[in-house]
>>> print(open('work-v1.cif').read())   # mmCIF, C-alpha atoms and all ligand atoms
data_my_file
#
loop_
_atom_site.label_atom_id
_atom_site.label_comp_id
_atom_site.auth_asym_id
_atom_site.auth_seq_id
_atom_site.Cartn_x
_atom_site.Cartn_y
_atom_site.Cartn_z
CA MET A 1 113.54 69.65 118.51
CA LEU A 2 116.06 72.37 117.65
CA ASP A 3 119.68 71.50 117.74
CA PHE A 4 121.56 74.33 119.46
CA LYS A 5 125.31 74.30 119.80
CA GLN A 6 126.64 75.62 123.08
CA GLU A 7 128.23 78.62 121.37
CA ASP A 8 124.98 79.62 119.62
CA VAL A 9 123.63 82.99 120.68
CA VAL A 10 119.82 82.92 120.73
CA ILE A 11 118.19 86.30 121.32
CA LEU A 12 114.59 87.03 122.25
CA ALA A 13 113.97 90.49 120.77
CA ILE A 14 111.12 92.93 121.37
CA GLU A 15 110.15 96.00 119.31
CA SER A 16 107.39 98.45 120.26
CA SER A 17 108.67 101.89 119.23
CA CYS A 18 105.71 102.91 117.06
CA ASP A 19 102.61 101.04 115.92
CA GLU A 20 103.78 97.42 115.60
CA THR A 21 104.14 95.12 118.59
CA SER A 22 106.74 92.58 117.55
CA ALA A 23 108.80 89.80 119.11
CA ALA A 24 111.34 87.54 117.43
CA VAL A 25 113.82 84.79 118.19
CA VAL A 26 117.08 85.20 116.27
CA LYS A 27 120.06 82.83 116.28
CA ASN A 28 123.59 84.19 115.78
CA GLY A 29 122.36 87.48 114.37
CA ARG A 30 121.35 86.12 110.97
CA ASN A 31 118.94 83.23 111.45
CA VAL A 32 115.37 84.23 112.24
CA LEU A 33 113.60 81.41 114.08
CA SER A 34 110.41 83.45 114.49
CA ASN A 35 109.25 87.00 113.83
CA ILE A 36 105.75 87.83 115.07
CA ILE A 37 104.28 91.24 114.20
CA SER A 38 100.99 92.54 115.53
CA SER A 39 100.09 95.68 113.61
CA GLN A 40 97.90 98.50 114.95
CA ILE A 41 97.46 100.09 111.51
CA ASP A 42 93.72 99.40 111.32
CA ILE A 43 93.15 101.30 114.58
CA HIS A 44 95.32 104.34 113.73
CA LYS A 45 93.89 104.51 110.19
CA ARG A 46 90.69 106.01 111.66
CA TYR A 47 92.68 109.02 112.90
CA GLY A 48 94.90 109.45 109.81
CA GLY A 49 98.11 108.71 111.75
CA VAL A 50 99.53 107.11 114.88
CA VAL A 51 97.88 108.29 118.13
CA PRO A 52 100.62 107.81 120.76
CA GLU A 53 98.32 107.14 123.72
CA ILE A 54 96.37 104.50 121.79
CA ALA A 55 99.61 102.93 120.57
CA SER A 56 100.86 102.44 124.16
CA ARG A 57 97.57 100.86 125.26
CA LYS A 58 97.48 98.49 122.30
CA HIS A 59 101.11 97.44 122.93
CA ILE A 60 100.14 96.53 126.49
CA GLU A 61 97.26 94.39 125.23
CA ALA A 62 99.35 92.60 122.61
CA ILE A 63 102.81 92.14 124.03
CA ASP A 64 102.22 89.04 126.16
CA TYR A 65 100.64 87.12 123.29
CA VAL A 66 103.23 88.28 120.77
CA VAL A 67 106.18 87.18 122.94
CA TYR A 68 104.62 83.79 123.74
CA ASP A 69 103.87 83.31 120.06
CA ALA A 70 107.47 84.17 119.11
CA LEU A 71 108.88 81.63 121.59
CA GLU A 72 106.39 78.94 120.57
CA SER A 73 106.85 79.47 116.82
CA ALA A 74 110.63 79.25 117.26
CA GLY A 75 110.21 76.08 119.33
CA VAL A 76 112.27 77.48 122.21
CA SER A 77 111.74 78.17 125.89
CA LEU A 78 113.28 80.95 127.97
CA ASN A 79 115.94 78.41 129.04
CA ASP A 80 117.28 78.35 125.48
CA ILE A 81 117.59 82.14 125.30
CA SER A 82 121.02 83.80 125.70
CA ALA A 83 119.72 87.37 126.19
CA VAL A 84 116.62 89.56 125.94
CA ALA A 85 116.92 92.53 123.56
CA VAL A 86 114.60 95.49 123.22
CA THR A 87 114.33 98.77 121.30
CA TYR A 88 114.94 101.59 123.79
CA GLY A 89 114.82 104.52 121.31
CA PRO A 90 114.13 106.48 119.23
CA GLY A 91 110.34 106.28 119.10
CA LEU A 92 107.19 107.17 121.00
CA VAL A 93 108.09 107.22 124.67
CA GLY A 94 104.95 105.47 125.94
CA ALA A 95 105.20 102.81 123.25
CA LEU A 96 108.91 102.22 123.93
CA LEU A 97 108.28 101.91 127.68
CA VAL A 98 105.86 99.03 127.18
CA GLY A 99 108.43 96.90 125.34
CA LEU A 100 111.26 98.00 127.62
CA SER A 101 109.40 97.23 130.86
CA TYR A 102 108.29 93.87 129.51
CA ALA A 103 111.81 92.97 128.33
CA LYS A 104 113.28 93.92 131.72
CA ALA A 105 110.73 91.77 133.52
CA VAL A 106 111.40 88.73 131.30
CA ALA A 107 115.18 89.16 131.54
CA PHE A 108 115.09 89.64 135.31
CA ALA A 109 112.80 86.67 135.92
CA SER A 110 114.77 84.35 133.65
CA GLU A 111 118.16 85.67 134.83
CA LYS A 112 119.28 86.60 131.32
CA PRO A 113 121.22 89.69 130.26
CA LEU A 114 119.33 92.70 128.90
CA ILE A 115 120.42 94.44 125.67
CA GLY A 116 118.99 97.81 124.61
CA VAL A 117 118.98 98.32 120.83
CA HIS A 118 118.83 101.54 118.80
CA HIS A 119 115.83 101.30 116.46
CA ILE A 120 117.72 102.62 113.41
CA GLU A 121 120.66 100.29 114.05
CA GLY A 122 118.05 97.54 114.01
CA HIS A 123 116.76 98.68 110.60
CA ILE A 124 120.34 98.67 109.25
CA CYS A 125 121.03 95.20 110.70
CA ALA A 126 117.97 93.83 108.85
CA ASN A 127 120.42 93.64 105.94
CA TYR A 128 122.33 90.81 107.66
CA ILE A 129 119.29 88.53 107.92
CA GLU A 130 118.61 87.29 104.40
CA ASN A 131 122.01 87.88 102.81
CA LYS A 132 124.26 85.77 105.05
CA ASN A 133 127.39 87.16 103.38
CA TRP A 134 126.53 90.85 103.73
CA GLU A 135 129.17 92.63 105.78
CA PRO A 136 130.26 96.21 106.56
CA PRO A 137 131.63 98.57 105.39
CA PHE A 138 128.74 99.87 103.30
CA ILE A 139 126.60 102.96 102.76
CA CYS A 140 123.06 102.56 104.08
CA LEU A 141 120.12 104.69 103.06
CA VAL A 142 117.73 104.61 106.02
CA VAL A 143 114.27 105.77 104.98
CA SER A 144 111.38 105.29 107.38
CA GLY A 145 108.35 107.16 108.68
CA GLY A 146 110.42 109.08 111.20
CA HIS A 147 113.95 109.05 109.74
CA THR A 148 115.90 109.73 106.57
CA HIS A 149 119.62 109.15 107.08
CA LEU A 150 122.59 108.40 104.86
CA VAL A 151 124.85 106.32 107.03
CA TYR A 152 128.38 105.03 106.58
CA VAL A 153 128.33 101.65 108.33
CA LYS A 154 132.02 101.20 109.24
CA ASN A 155 131.66 97.90 111.05
CA TYR A 156 129.04 96.07 113.13
CA TYR A 157 129.17 98.73 115.85
CA GLU A 158 130.16 102.03 114.31
CA TYR A 159 127.84 104.25 112.30
CA GLU A 160 128.74 107.62 110.84
CA ILE A 161 125.86 109.84 109.77
CA LEU A 162 126.77 111.49 106.46
CA GLY A 163 123.48 113.31 106.10
CA LYS A 164 119.92 113.39 107.34
CA THR A 165 116.67 115.18 106.75
CA ARG A 166 116.43 118.77 107.91
CA ASP A 167 112.64 118.61 108.11
CA ASP A 168 110.22 115.84 107.07
CA ALA A 169 111.36 112.23 106.78
CA ALA A 170 110.71 110.62 103.38
CA GLY A 171 107.97 108.40 104.83
CA GLU A 172 106.39 111.35 106.61
CA ALA A 173 106.22 113.32 103.33
CA LEU A 174 104.72 110.29 101.56
CA ASP A 175 102.12 109.84 104.32
CA LYS A 176 101.18 113.55 104.33
CA VAL A 177 100.79 113.83 100.55
CA ALA A 178 98.84 110.57 100.51
CA ARG A 179 96.41 112.10 102.98
CA ALA A 180 95.96 115.12 100.70
CA ILE A 181 94.84 112.82 97.88
CA ASN A 182 92.54 110.91 100.24
CA LEU A 183 94.63 107.77 100.63
CA PRO A 184 94.43 106.10 104.06
CA TYR A 185 97.29 105.84 106.59
CA PRO A 186 100.00 104.67 106.06
CA GLY A 187 100.15 106.43 102.71
CA GLY A 188 103.56 105.20 101.48
CA PRO A 189 102.40 101.78 100.22
CA LYS A 190 99.21 103.34 98.73
CA ILE A 191 101.24 105.96 96.83
CA ASP A 192 103.52 103.15 95.62
CA LYS A 193 100.49 101.27 94.24
CA LEU A 194 98.68 104.26 92.75
CA ALA A 195 101.87 105.62 91.15
CA LYS A 196 102.06 102.50 88.97
CA GLU A 197 99.00 103.81 87.08
CA GLY A 198 100.38 107.36 86.72
CA ASN A 199 102.95 109.25 84.68
CA PRO A 200 106.06 110.22 86.72
CA ASN A 201 106.81 113.02 84.22
CA ALA A 202 103.31 114.53 84.28
CA ILE A 203 104.10 117.22 86.86
CA ASP A 204 107.53 118.79 87.38
CA PHE A 205 107.87 118.77 91.17
CA PRO A 206 111.18 120.09 92.63
CA ARG A 207 114.22 117.93 93.44
CA VAL A 208 115.72 119.62 96.50
CA LEU A 209 119.46 118.90 96.66
CA LEU A 210 120.52 121.63 99.14
CA GLU A 211 124.13 122.91 99.06
CA GLU A 212 126.72 121.38 96.75
CA GLY A 213 128.18 118.25 98.33
CA SER A 214 125.57 118.07 101.12
CA PHE A 215 124.18 114.67 102.04
CA ASP A 216 121.28 116.21 103.96
CA PHE A 217 117.72 116.00 102.70
CA SER A 218 114.71 118.31 102.77
CA PHE A 219 111.27 117.11 101.75
CA SER A 220 108.98 119.73 103.23
CA GLY A 221 109.38 122.06 100.19
CA LEU A 222 108.40 119.21 97.88
CA LYS A 223 105.43 118.38 100.10
CA SER A 224 104.31 122.04 99.99
CA ALA A 225 104.74 122.09 96.19
CA VAL A 226 102.38 119.12 95.89
CA LEU A 227 99.83 120.66 98.28
CA ASN A 228 100.02 123.99 96.37
CA TYR A 229 99.52 122.15 93.08
CA LEU A 230 96.42 120.42 94.47
CA ASN A 231 94.97 123.64 95.94
CA LYS A 232 95.60 125.63 92.76
CA ALA A 233 94.04 122.94 90.57
CA LYS A 234 90.95 122.86 92.84
CA MET A 235 90.63 126.66 92.77
CA MET A 236 90.94 126.80 88.98
CA GLY A 237 88.50 123.90 88.63
CA ASN A 238 91.13 121.80 86.83
CA GLU A 239 90.83 118.03 86.88
CA ILE A 240 93.37 116.31 89.19
CA PHE A 241 94.78 112.95 88.18
CA ASP A 242 95.75 111.46 91.53
CA ALA A 243 97.85 108.74 89.92
CA ASP A 244 99.94 111.34 88.06
CA VAL A 245 100.37 113.36 91.28
CA ALA A 246 101.44 110.20 93.15
CA ALA A 247 103.86 109.08 90.41
CA SER A 248 105.46 112.53 89.89
CA PHE A 249 105.81 113.20 93.62
CA GLN A 250 107.24 109.72 94.30
CA GLN A 251 109.72 110.14 91.44
CA SER A 252 110.98 113.43 92.92
CA ILE A 253 111.68 111.74 96.25
CA VAL A 254 113.29 108.69 94.63
CA ASP A 255 115.56 110.77 92.34
CA VAL A 256 116.99 112.67 95.30
CA LEU A 257 117.44 109.54 97.46
CA VAL A 258 119.22 107.66 94.68
CA MET A 259 121.40 110.59 93.61
CA LYS A 260 122.65 111.30 97.15
CA THR A 261 123.26 107.63 97.93
CA ILE A 262 125.46 107.19 94.86
CA ALA A 263 127.28 110.46 95.64
CA ALA A 264 127.95 109.17 99.19
CA CYS A 265 129.48 105.97 97.78
CA LYS A 266 131.80 108.00 95.59
CA LYS A 267 132.82 110.33 98.41
CA MET A 268 133.49 107.50 100.87
CA LYS A 269 135.01 105.25 98.17
CA VAL A 270 132.63 102.44 99.11
CA ASP A 271 131.19 100.08 96.51
CA LYS A 272 128.39 98.55 98.60
CA VAL A 273 124.95 100.05 99.27
CA ALA A 274 122.12 98.81 101.48
CA MET A 275 118.67 100.19 102.18
CA ALA A 276 116.64 100.07 105.37
CA GLY A 277 113.32 101.25 106.82
CA GLY A 278 109.73 101.17 105.66
CA VAL A 279 110.21 103.35 102.57
CA SER A 280 112.90 100.96 101.26
CA ALA A 281 109.98 98.65 100.44
CA ASN A 282 108.95 101.18 97.76
CA SER A 283 109.02 99.54 94.33
CA CYS A 284 110.08 102.72 92.47
CA LEU A 285 112.98 103.34 94.88
CA ARG A 286 114.09 99.70 94.56
CA LYS A 287 113.98 99.85 90.75
CA PHE A 288 115.87 103.13 90.40
CA MET A 289 118.43 102.31 93.11
CA LYS A 290 119.12 98.97 91.41
CA GLU A 291 119.60 100.62 88.02
CA ALA A 292 121.88 103.34 89.43
CA CYS A 293 123.99 100.83 91.36
CA GLU A 294 124.37 98.59 88.32
CA LYS A 295 125.44 101.58 86.25
CA GLU A 296 128.03 102.64 88.85
CA GLY A 297 129.32 99.11 89.55
CA VAL A 298 128.04 99.22 93.12
CA THR A 299 126.70 96.10 94.87
CA LEU A 300 123.22 96.68 96.28
CA ASN A 301 121.54 94.76 99.10
CA MET A 302 117.79 95.02 99.53
CA VAL A 303 115.72 93.25 102.16
CA SER A 304 112.26 91.71 101.81
CA PRO A 305 109.43 94.15 102.65
CA VAL A 306 108.64 92.36 105.94
CA PHE A 307 112.14 93.24 107.20
CA CYS A 308 111.94 96.83 105.82
CA THR A 309 109.05 97.92 108.04
CA ASP A 310 109.21 97.64 111.83
CA ASN A 311 109.90 94.12 113.12
CA ALA A 312 111.72 92.54 116.07
CA ALA A 313 113.95 90.25 113.98
CA MET A 314 116.11 93.26 113.03
CA ILE A 315 116.43 94.11 116.75
CA GLY A 316 117.53 90.52 117.43
CA SER A 317 120.16 90.82 114.71
CA ALA A 318 121.57 94.11 116.05
CA ALA A 319 121.56 92.70 119.60
CA TYR A 320 123.77 89.77 118.56
CA PHE A 321 126.68 92.13 117.84
CA GLU A 322 126.15 93.87 121.19
CA TYR A 323 126.11 90.44 122.86
CA ILE A 324 129.42 89.49 121.27
CA ALA A 325 130.90 92.81 122.45
CA GLU A 326 129.40 92.14 125.92
CA ASN A 327 127.47 95.41 125.78
CA PHE A 328 124.79 94.57 128.32
CA ASP A 329 122.46 96.99 130.07
CA GLY A 330 121.37 97.44 133.65
CA TRP A 331 117.83 97.42 135.03
CA ASP A 332 117.99 101.23 135.00
CA LEU A 333 117.93 101.34 131.17
CA ASN A 334 115.42 104.01 130.16
CA ALA A 335 113.46 104.80 126.97
CA TYR A 336 114.92 107.65 124.88
CA PRO A 337 112.50 109.09 122.30
CA SER A 338 115.25 111.08 120.49
CA LEU A 339 118.15 108.66 120.81
CA LYS A 340 120.90 109.61 118.34
CA LEU A 341 122.50 107.16 115.93
CA GLY A 342 126.25 106.78 115.85
CA GLU A 343 127.07 107.56 119.47
CA SER A 344 127.11 104.76 121.96
CA ARG A 345 124.48 105.09 124.69
CA ARG A 346 127.30 105.26 127.20
CA LYS A 347 128.69 108.39 125.53
CA GLN A 348 125.24 109.96 125.18
CA PHE A 349 124.24 109.66 128.81
CA GLU A 350 127.52 109.89 130.69
O1 LIG B 1 110.30 101.72 109.23
P1 LIG B 1 108.85 101.93 109.44
O2 LIG B 1 107.97 100.72 109.49
O3 LIG B 1 108.56 102.75 110.73
C1 LIG B 1 109.36 103.77 111.23
O4 LIG B 1 110.38 103.46 111.89
O5 LIG B 1 109.03 104.94 110.93
O6 LIG B 1 108.38 102.91 108.25
C2 LIG B 1 107.05 103.31 108.07
C3 LIG B 1 107.00 104.20 106.86
C4 LIG B 1 105.64 104.85 106.64
O7 LIG B 1 105.83 106.24 106.38
C5 LIG B 1 105.09 104.13 105.41
O8 LIG B 1 104.23 104.95 104.64
C6 LIG B 1 106.37 103.82 104.66
O9 LIG B 1 107.28 103.45 105.66
N1 LIG B 1 106.22 102.72 103.68
C7 LIG B 1 106.33 102.90 102.35
C8 LIG B 1 106.10 101.63 101.75
N2 LIG B 1 105.86 100.73 102.75
C9 LIG B 1 105.95 101.42 103.93
N3 LIG B 1 106.61 103.99 101.63
C10 LIG B 1 106.65 103.86 100.30
N4 LIG B 1 106.40 102.71 99.63
C11 LIG B 1 106.15 101.57 100.33
N5 LIG B 1 105.93 100.43 99.67
ZN ZN B 2 111.23 101.82 111.99
#
>>> encode(input="work-v1.cif", output="structure tokens", more="lines below")
Ligand code: KG4
Ligand code: ZN
Amino acid sequence: MLDFKQEDVVILAIESSCDETSAAVVKNGRNVLSNIISSQIDIHKRYGGVVPEIASRKHIEAIDYVVYDALESAGVSLNDISAVAVTYGPGLVGALLVGLSYAKAVAFASEKPLIGVHHIEGHICANYIENKNWEPPFICLVVSGGHTHLVYVKNYYEYEILGKTRDDAAGEALDKVARAINLPYPGGPKIDKLAKEGNPNAIDFPRVLLEEGSFDFSFSGLKSAVLNYLNKAKMMGNEIFDADVAASFQQSIVDVLVMKTIAACKKMKVDKVAMAGGVSANSCLRKFMKEACEKEGVTLNMVSPVFCTDNAAMIGSAAYFEYIAENFDGWDLNAYPSLKLGESRRKQFE
């Protein structure tokens, strides 16, 4: 039997923005009582990437079981829940709508408040889960399949985007290059593994830094450079060492991510860095970011891989701060595939 204090805030959170159906129960923003993730990767693998229509259908099949499992694993009933939280953007619209409609139905039936959560804010809030003392302000490097952002996290509610990708996200570039060397979707973790057997200095791929002082990123030129290298080698009949390609390409991405993150700390005079999103599980990025932060006297927070990739626990954490601020949503809350970070939903849709 769980011992809840009256002031405890217990959130049932749902995440379905891409290819994981997830539900979690989170207490007071930092204590994860359950975090159930049903992945569709094996289905999308056949097509080399996420097929939106299939993703929506699979969310519908899984969501009931996942939510029941989350409640049961946490040992709570809907009576113990303070609010129902759900990702309402950004993401695939059909996929988002499944989680959103389900969350609305549960909240309405159980007479609990509804809280819509920004997916990227969720990724950032994953940093509060394992490190109970981690607090803003800090610089957060958000690197996922769909997003690459350098964010100044001012407090639990305010996010300032310092820079973002102008084309491909880091994860997207990793997935596309992985495909070119015949690694299955999602390519990021496969590149991570293969790169361990390769030489990161074997091929001199570009480090695209853009204009002086810019915190934006661009990875499509690097991706093209790798594809050109592969095509040229094939045409000339040269042998291709996939592990060297993976290691050199990964190192180019990591160098730029680390360099810009440290530059952002200096500019904003902040001595704390966090990472978020699927690519922050990358072992090379973790190693080089750790070394750079140690060298610069910056405190680094990294989260366990399960909280880097999509999960509902991070949504439950972000929702806690909205709950405290009494930022509740109405039954008219919609799904927003291109929801921006850093502007409250009220400002965006007024
Ligand atoms: O955050 P996430 O689960 O979903 C989005 O919100 O996009 O991130 C998925 C991305 C994929 O591109 C995947 O290849 C990448 O994260 N990823 C990795 C690793 N694990 C996941 N990339 C590099 N190394 C990893 N270990
Ligand atoms: Zn994500």
>>> closest_atom_pairs(input="work-v1.cif", of="chain A", to="ligand LIG 1 (chain B)", cutoff="9 Å", atoms="only C-alpha atoms and all ligand atoms", output="tab-separated table")
residue	atom	partner	partner_atom	distance
A:Ser17	CA	B:LIG1	O4	7.7
A:Cys18	CA	B:LIG1	C1	6.9
A:Asp19	CA	B:LIG1	O3	8.1
A:Glu20	CA	B:LIG1	O2	8.1
A:Pro90	CA	B:LIG1	O4	8.8
A:Gly91	CA	B:LIG1	O4	7.7
A:His119	CA	B:LIG1	O4	7.4
A:Ile120	CA	B:LIG1	O4	7.5
A:His123	CA	B:LIG1	O1	7.3
A:Val142	CA	B:LIG1	O1	8.6
A:Val143	CA	B:LIG1	O1	7.1
A:Ser144	CA	B:LIG1	O6	3.9
A:Gly145	CA	B:LIG1	O5	3.2
A:Gly146	CA	B:LIG1	O5	4.4
A:His147	CA	B:LIG1	O5	6.5
A:Ala169	CA	B:LIG1	O7	8.2
A:Ala170	CA	B:LIG1	O7	7.2
A:Gly171	CA	B:LIG1	O7	3.4
A:Glu172	CA	B:LIG1	O7	5.1
A:Ala173	CA	B:LIG1	O7	7.7
A:Leu174	CA	B:LIG1	O8	6.2
A:Asp175	CA	B:LIG1	O8	5.3
A:Lys176	CA	B:LIG1	O7	8.9
A:Ala178	CA	B:LIG1	O8	8.8
A:Tyr185	CA	B:LIG1	O8	7.3
A:Pro186	CA	B:LIG1	O8	4.5
A:Gly187	CA	B:LIG1	O8	4.7
A:Gly188	CA	B:LIG1	O8	3.2
A:Pro189	CA	B:LIG1	C11	3.8
A:Lys190	CA	B:LIG1	N4	7.3
A:Ile191	CA	B:LIG1	N4	6.7
A:Asp192	CA	B:LIG1	N4	5.0
A:Lys193	CA	B:LIG1	N5	7.7
A:Gln250	CA	B:LIG1	C10	8.4
A:Ala276	CA	B:LIG1	O1	7.6
A:Gly277	CA	B:LIG1	O1	3.9
A:Gly278	CA	B:LIG1	O9	3.3
A:Val279	CA	B:LIG1	N3	3.8
A:Ser280	CA	B:LIG1	C11	6.8
A:Ala281	CA	B:LIG1	N5	4.5
A:Asn282	CA	B:LIG1	N4	3.5
A:Ser283	CA	B:LIG1	N5	6.2
A:Cys284	CA	B:LIG1	N4	8.1
A:Leu285	CA	B:LIG1	N4	8.1
A:Pro305	CA	B:LIG1	N2	7.5
A:Phe307	CA	B:LIG1	O2	8.9
A:Cys308	CA	B:LIG1	O1	6.2
A:Thr309	CA	B:LIG1	O2	3.3
A:Asp310	CA	B:LIG1	O2	4.1
A:Asn311	CA	B:LIG1	O2	7.8
>>> write_last_selection(input="work-v1.cif", atoms="C-alpha atoms", output="PDB file, in the coordinates of the input")
ATOM      1  CA  SER A  17     108.670 101.890 119.230  1.00  0.00           C
ATOM      2  CA  CYS A  18     105.710 102.910 117.060  1.00  0.00           C
ATOM      3  CA  ASP A  19     102.610 101.040 115.920  1.00  0.00           C
ATOM      4  CA  GLU A  20     103.780  97.420 115.600  1.00  0.00           C
ATOM      5  CA  PRO A  90     114.130 106.480 119.230  1.00  0.00           C
ATOM      6  CA  GLY A  91     110.340 106.280 119.100  1.00  0.00           C
ATOM      7  CA  HIS A 119     115.830 101.300 116.460  1.00  0.00           C
ATOM      8  CA  ILE A 120     117.720 102.620 113.410  1.00  0.00           C
ATOM      9  CA  HIS A 123     116.760  98.680 110.600  1.00  0.00           C
ATOM     10  CA  VAL A 142     117.730 104.610 106.020  1.00  0.00           C
ATOM     11  CA  VAL A 143     114.270 105.770 104.980  1.00  0.00           C
ATOM     12  CA  SER A 144     111.380 105.290 107.380  1.00  0.00           C
ATOM     13  CA  GLY A 145     108.350 107.160 108.680  1.00  0.00           C
ATOM     14  CA  GLY A 146     110.420 109.080 111.200  1.00  0.00           C
ATOM     15  CA  HIS A 147     113.950 109.050 109.740  1.00  0.00           C
ATOM     16  CA  ALA A 169     111.360 112.230 106.780  1.00  0.00           C
ATOM     17  CA  ALA A 170     110.710 110.620 103.380  1.00  0.00           C
ATOM     18  CA  GLY A 171     107.970 108.400 104.830  1.00  0.00           C
ATOM     19  CA  GLU A 172     106.390 111.350 106.610  1.00  0.00           C
ATOM     20  CA  ALA A 173     106.220 113.320 103.330  1.00  0.00           C
ATOM     21  CA  LEU A 174     104.720 110.290 101.560  1.00  0.00           C
ATOM     22  CA  ASP A 175     102.120 109.840 104.320  1.00  0.00           C
ATOM     23  CA  LYS A 176     101.180 113.550 104.330  1.00  0.00           C
ATOM     24  CA  ALA A 178      98.840 110.570 100.510  1.00  0.00           C
ATOM     25  CA  TYR A 185      97.290 105.840 106.590  1.00  0.00           C
ATOM     26  CA  PRO A 186     100.000 104.670 106.060  1.00  0.00           C
ATOM     27  CA  GLY A 187     100.150 106.430 102.710  1.00  0.00           C
ATOM     28  CA  GLY A 188     103.560 105.200 101.480  1.00  0.00           C
ATOM     29  CA  PRO A 189     102.400 101.780 100.220  1.00  0.00           C
ATOM     30  CA  LYS A 190      99.210 103.340  98.730  1.00  0.00           C
ATOM     31  CA  ILE A 191     101.240 105.960  96.830  1.00  0.00           C
ATOM     32  CA  ASP A 192     103.520 103.150  95.620  1.00  0.00           C
ATOM     33  CA  LYS A 193     100.490 101.270  94.240  1.00  0.00           C
ATOM     34  CA  GLN A 250     107.240 109.720  94.300  1.00  0.00           C
ATOM     35  CA  ALA A 276     116.640 100.070 105.370  1.00  0.00           C
ATOM     36  CA  GLY A 277     113.320 101.250 106.820  1.00  0.00           C
ATOM     37  CA  GLY A 278     109.730 101.170 105.660  1.00  0.00           C
ATOM     38  CA  VAL A 279     110.210 103.350 102.570  1.00  0.00           C
ATOM     39  CA  SER A 280     112.900 100.960 101.260  1.00  0.00           C
ATOM     40  CA  ALA A 281     109.980  98.650 100.440  1.00  0.00           C
ATOM     41  CA  ASN A 282     108.950 101.180  97.760  1.00  0.00           C
ATOM     42  CA  SER A 283     109.020  99.540  94.330  1.00  0.00           C
ATOM     43  CA  CYS A 284     110.080 102.720  92.470  1.00  0.00           C
ATOM     44  CA  LEU A 285     112.980 103.340  94.880  1.00  0.00           C
ATOM     45  CA  PRO A 305     109.430  94.150 102.650  1.00  0.00           C
ATOM     46  CA  PHE A 307     112.140  93.240 107.200  1.00  0.00           C
ATOM     47  CA  CYS A 308     111.940  96.830 105.820  1.00  0.00           C
ATOM     48  CA  THR A 309     109.050  97.920 108.040  1.00  0.00           C
ATOM     49  CA  ASP A 310     109.210  97.640 111.830  1.00  0.00           C
ATOM     50  CA  ASN A 311     109.900  94.120 113.120  1.00  0.00           C
TER      51      ASN A 311
END
>>> atom_distance(input="work-v1.cif", atom1="atom CA of Asp271 of chain A", atom2="atom CA of Lys154 of chain A")
12.8 Å
>>> residues_around(input="work-v1.cif", residues="segment 21-24 of chain A", least_positions_apart="3", cutoff="9 Å", atoms="all atoms listed in the file", output="PyMOL selection string")
chain A and resi 11-18+32-40+58-60+62-63+66-71+74+99+310-316
>>> residues_near_point(input="work-v1.cif", point="(122.5, 84.6, 103.8)", cutoff="12 Å", atoms="all atoms listed in the file", output="PDB file with C-alpha atoms, in the coordinates of the input")
ATOM      1  CA  GLY A  29     122.360  87.480 114.370  1.00  0.00           C
ATOM      2  CA  ARG A  30     121.350  86.120 110.970  1.00  0.00           C
ATOM      3  CA  ASN A  31     118.940  83.230 111.450  1.00  0.00           C
ATOM      4  CA  VAL A  32     115.370  84.230 112.240  1.00  0.00           C
ATOM      5  CA  ALA A 126     117.970  93.830 108.850  1.00  0.00           C
ATOM      6  CA  ASN A 127     120.420  93.640 105.940  1.00  0.00           C
ATOM      7  CA  TYR A 128     122.330  90.810 107.660  1.00  0.00           C
ATOM      8  CA  ILE A 129     119.290  88.530 107.920  1.00  0.00           C
ATOM      9  CA  GLU A 130     118.610  87.290 104.400  1.00  0.00           C
ATOM     10  CA  ASN A 131     122.010  87.880 102.810  1.00  0.00           C
ATOM     11  CA  LYS A 132     124.260  85.770 105.050  1.00  0.00           C
ATOM     12  CA  ASN A 133     127.390  87.160 103.380  1.00  0.00           C
ATOM     13  CA  TRP A 134     126.530  90.850 103.730  1.00  0.00           C
ATOM     14  CA  GLU A 135     129.170  92.630 105.780  1.00  0.00           C
ATOM     15  CA  ASN A 301     121.540  94.760  99.100  1.00  0.00           C
ATOM     16  CA  VAL A 303     115.720  93.250 102.160  1.00  0.00           C
TER      17      VAL A 303
END
>>> atom_distance(input="work-v1.cif", atom1="atom CA of Val50 of chain A", atom2="atom CA of Glu197 of chain A")
28.0 Å
